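Let me begin by presenting the structure, written as structure tokens, before commenting on it.
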Amino acid sequence: MRKLAKSQARKALTETFISVGQSIFDTILPPRCLACSVIVADRGGLCADCFKKMPFITQPLCEKTGTPLAYDVGAFTDTIGGPEVDQPYMRLRAATRYEGTAKRLAIAFKFHDQPELAERLAHFMMNAGRDLVADCDMIVPVPLHRRRLFLRRYNQAAELAKRLAALGNRPVMLDTLQRIRPTKPQVKLDQRARRRNVEGAFIVPENGRTAICGRKILLIDDVVTTGATINACTETLLRENAQSVDVLAFAKVVDDDSMPL
């Protein structure tokens, strides 16, 4: 009993020191909004104004492509989404549209060396794709080519995948899918050029083929634009006998003019 009491006392003292240390740290370096850097109440959060400008994708949406719909079309929701419904993945979900606060966060995460944003973005993704995470056998990120990984220092999709795996208690396979040749940045390419750009760019190495055979894969990316990259990755995984592929992203480019009505 005496040992237990001493252990509990040490634990309480440690927690007190941690709490005091955190208070001092917050006084010296107060928590700031992830998007605009104004002071906020909690570390890792958004200010009220930036949160209002988060364009979350919610129901109603196309069950296949995750594209938001103008209104609920009931039983037909899973067949609406234009030409995207022919894509090889089973389902796609994204937490937000690629605009407003979400766009600022995605750019900071991908290009401005802020890997710490992965924690918060993964929580947004989990809210949007909880059913996809629960259904999958393993989580696989869209890979970077080794040259770009060296320059960028981290793969943003892999950072998201690791955190989603922890949140959903699912295995993550970081090297199951590999990008074997460098590709041009997709930003300034049109849809056709994007498809050509990623053709033959991905493989599943021999030691990964057994792991994905007959398994339901959840493919993770930060931003989905035309879908050329995730389609190429999905096709590669299916060729190596994955049972199915779902896709979960932080943001998705949505063209309001082409949204199903």
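Residue names in the structure tokens use chain letters A, B, ... in the order shown, residue numbers from 1 in each chain, and ligand numbers from 1 in the order shown.
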Problem - Distance query A:Arg152 at most 9 Å, only C-alpha atoms, self and fewer than 6 positions along chain excluded, as a ChimeraX atom specification - result: /A:110-111,113
Export N, CA, C and O atoms of the chosen residues as a PDB file, in the first residue's frame?
ATOM      1  N   LYS A 110       1.633  21.334 -47.524  1.00  0.00           N
ATOM      2  CA  LYS A 110       2.342  20.691 -48.622  1.00  0.00           C
ATOM      3  C   LYS A 110       3.619  21.418 -49.027  1.00  0.00           C
ATOM      4  O   LYS A 110       4.640  20.782 -49.325  1.00  0.00           O
ATOM      5  N   PHE A 111       3.585  22.746 -49.033  1.00  0.00           N
ATOM      6  CA  PHE A 111       4.688  23.510 -49.621  1.00  0.00           C
ATOM      7  C   PHE A 111       5.484  24.352 -48.637  1.00  0.00           C
ATOM      8  O   PHE A 111       6.573  24.823 -48.971  1.00  0.00           O
ATOM      9  N   ASP A 113       6.501  23.537 -45.419  1.00  0.00           N
ATOM     10  CA  ASP A 113       7.234  22.814 -44.384  1.00  0.00           C
ATOM     11  C   ASP A 113       6.526  22.877 -43.023  1.00  0.00           C
ATOM     12  O   ASP A 113       7.119  23.237 -42.003  1.00  0.00           O
TER      13      ASP A 113
END
Practice task
Could you please write out, as a list in words, every residue of stretch 52-175 of chain A that DSSP assigns to strand (DSSP E or B)?
Solution key: Phe56, Leu61, Pro68, Leu92, Arg93, Ala94, Ala95, Thr96, Arg97, Met138, Ile139, Val140, Pro141 and Val172 of chain A
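Compared by their closest atoms to A:Thr67, and using only C-alpha atoms, the residues A:Arg120, A:His145, A:Arg163, A:Arg93 rank with A:Arg93 nearest.
Across the model, the gap from atom CA of A:Ala122 to atom CA of A:Ile230 is 18.1 Å.
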Problem - Backbone DSSP call of helix (DSSP H, G or I) for stretch 34-216 of chain A, listed as a PyMOL selection string - result: chain A and resi 48-52+74-79+82-86+100-111+115-135+146-152+156-168+191-198+206-212
Exercise for the section: Identify which of the residues A:Arg97, A:Arg196, A:His112, A:Arg147 lies closest to A:Arg181, counting only C-alpha atoms when measuring atom-to-atom distances. Expected result: A:Arg147
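From atom CA of A:Thr226 back to atom CA of A:Gln191, the distance works out to 6.1 Å.
Rounded to one decimal, atom CA of A:Thr236 and atom CA of A:Leu177 lie 8.4 Å from each other.
Minimum atom-to-atom distance to A:Asn169, evaluated using only C-alpha atoms, belongs to A:Met126 out of A:Leu121, A:Cys36, A:Ile203, A:Met126.
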Skip A:Phe202 itself and residues of its chain fewer than 6 positions away, then list as a CSV table (one decimal) with N, CA, C and O atoms, in the first residue's frame all residues within 6 Å of it, counting only C-alpha atoms.
chain,number,residue,atom,x,y,z
A,178,GLN,N,4.8,2.5,-54.7
A,178,GLN,CA,5.9,3.4,-55.0
A,178,GLN,C,5.8,4.1,-56.3
A,178,GLN,O,5.2,3.6,-57.3
A,179,ARG,N,6.4,5.3,-56.3
A,179,ARG,CA,6.4,6.1,-57.5
A,179,ARG,C,7.8,5.9,-58.1
A,179,ARG,O,8.8,6.3,-57.6
A,180,ILE,N,7.9,5.3,-59.3
A,180,ILE,CA,9.2,4.9,-59.8
A,180,ILE,C,9.8,5.9,-60.8
A,180,ILE,O,10.9,5.7,-61.2
Quick one: everything within 12 Å of A:Lys52, counting only C-alpha atoms, minus sequence neighbours fewer than 3 positions away in the same chain. Send it as a CSV table (one decimal) with N, CA and C atoms, in the first residue's frame.
chain,number,residue,atom,x,y,z
A,35,ALA,N,-4.4,28.7,-39.4
A,35,ALA,CA,-4.5,29.3,-40.7
A,35,ALA,C,-4.0,30.7,-40.8
A,46,LEU,N,-8.3,26.4,-34.8
A,46,LEU,CA,-8.6,27.5,-35.7
A,46,LEU,C,-9.4,28.6,-35.0
A,47,CYS,N,-9.2,29.8,-35.4
A,47,CYS,CA,-10.0,30.9,-34.8
A,47,CYS,C,-11.4,30.8,-35.4
A,48,ALA,N,-12.3,31.5,-34.8
A,48,ALA,CA,-13.7,31.4,-35.2
A,48,ALA,C,-13.9,31.8,-36.6
A,49,ASP,N,-13.2,32.9,-37.1
A,49,ASP,CA,-13.3,33.4,-38.4
A,49,ASP,C,-12.8,32.4,-39.5
A,55,PRO,N,-14.7,25.1,-45.8
A,55,PRO,CA,-15.8,24.6,-46.7
A,55,PRO,C,-16.0,23.1,-46.6
A,56,PHE,N,-16.5,22.6,-45.4
A,56,PHE,CA,-16.7,21.2,-45.2
A,56,PHE,C,-17.7,20.6,-46.2
A,100,GLY,N,-11.0,28.6,-49.6
A,100,GLY,CA,-11.0,29.2,-48.3
A,100,GLY,C,-9.9,28.8,-47.4
A,101,THR,N,-10.3,28.6,-46.1
A,101,THR,CA,-9.3,28.1,-45.1
A,101,THR,C,-8.7,26.8,-45.4
A,102,ALA,N,-9.5,25.9,-46.0
A,102,ALA,CA,-8.9,24.6,-46.3
A,102,ALA,C,-7.8,24.7,-47.3
Exercise for the section: For each of A:Val172, A:Val247, A:Glu199, A:Asp42, take the minimum atom-to-atom distance to A:Lys64, counting only C-alpha atoms, then give the residue where this is smallest. Expected result: A:Val247
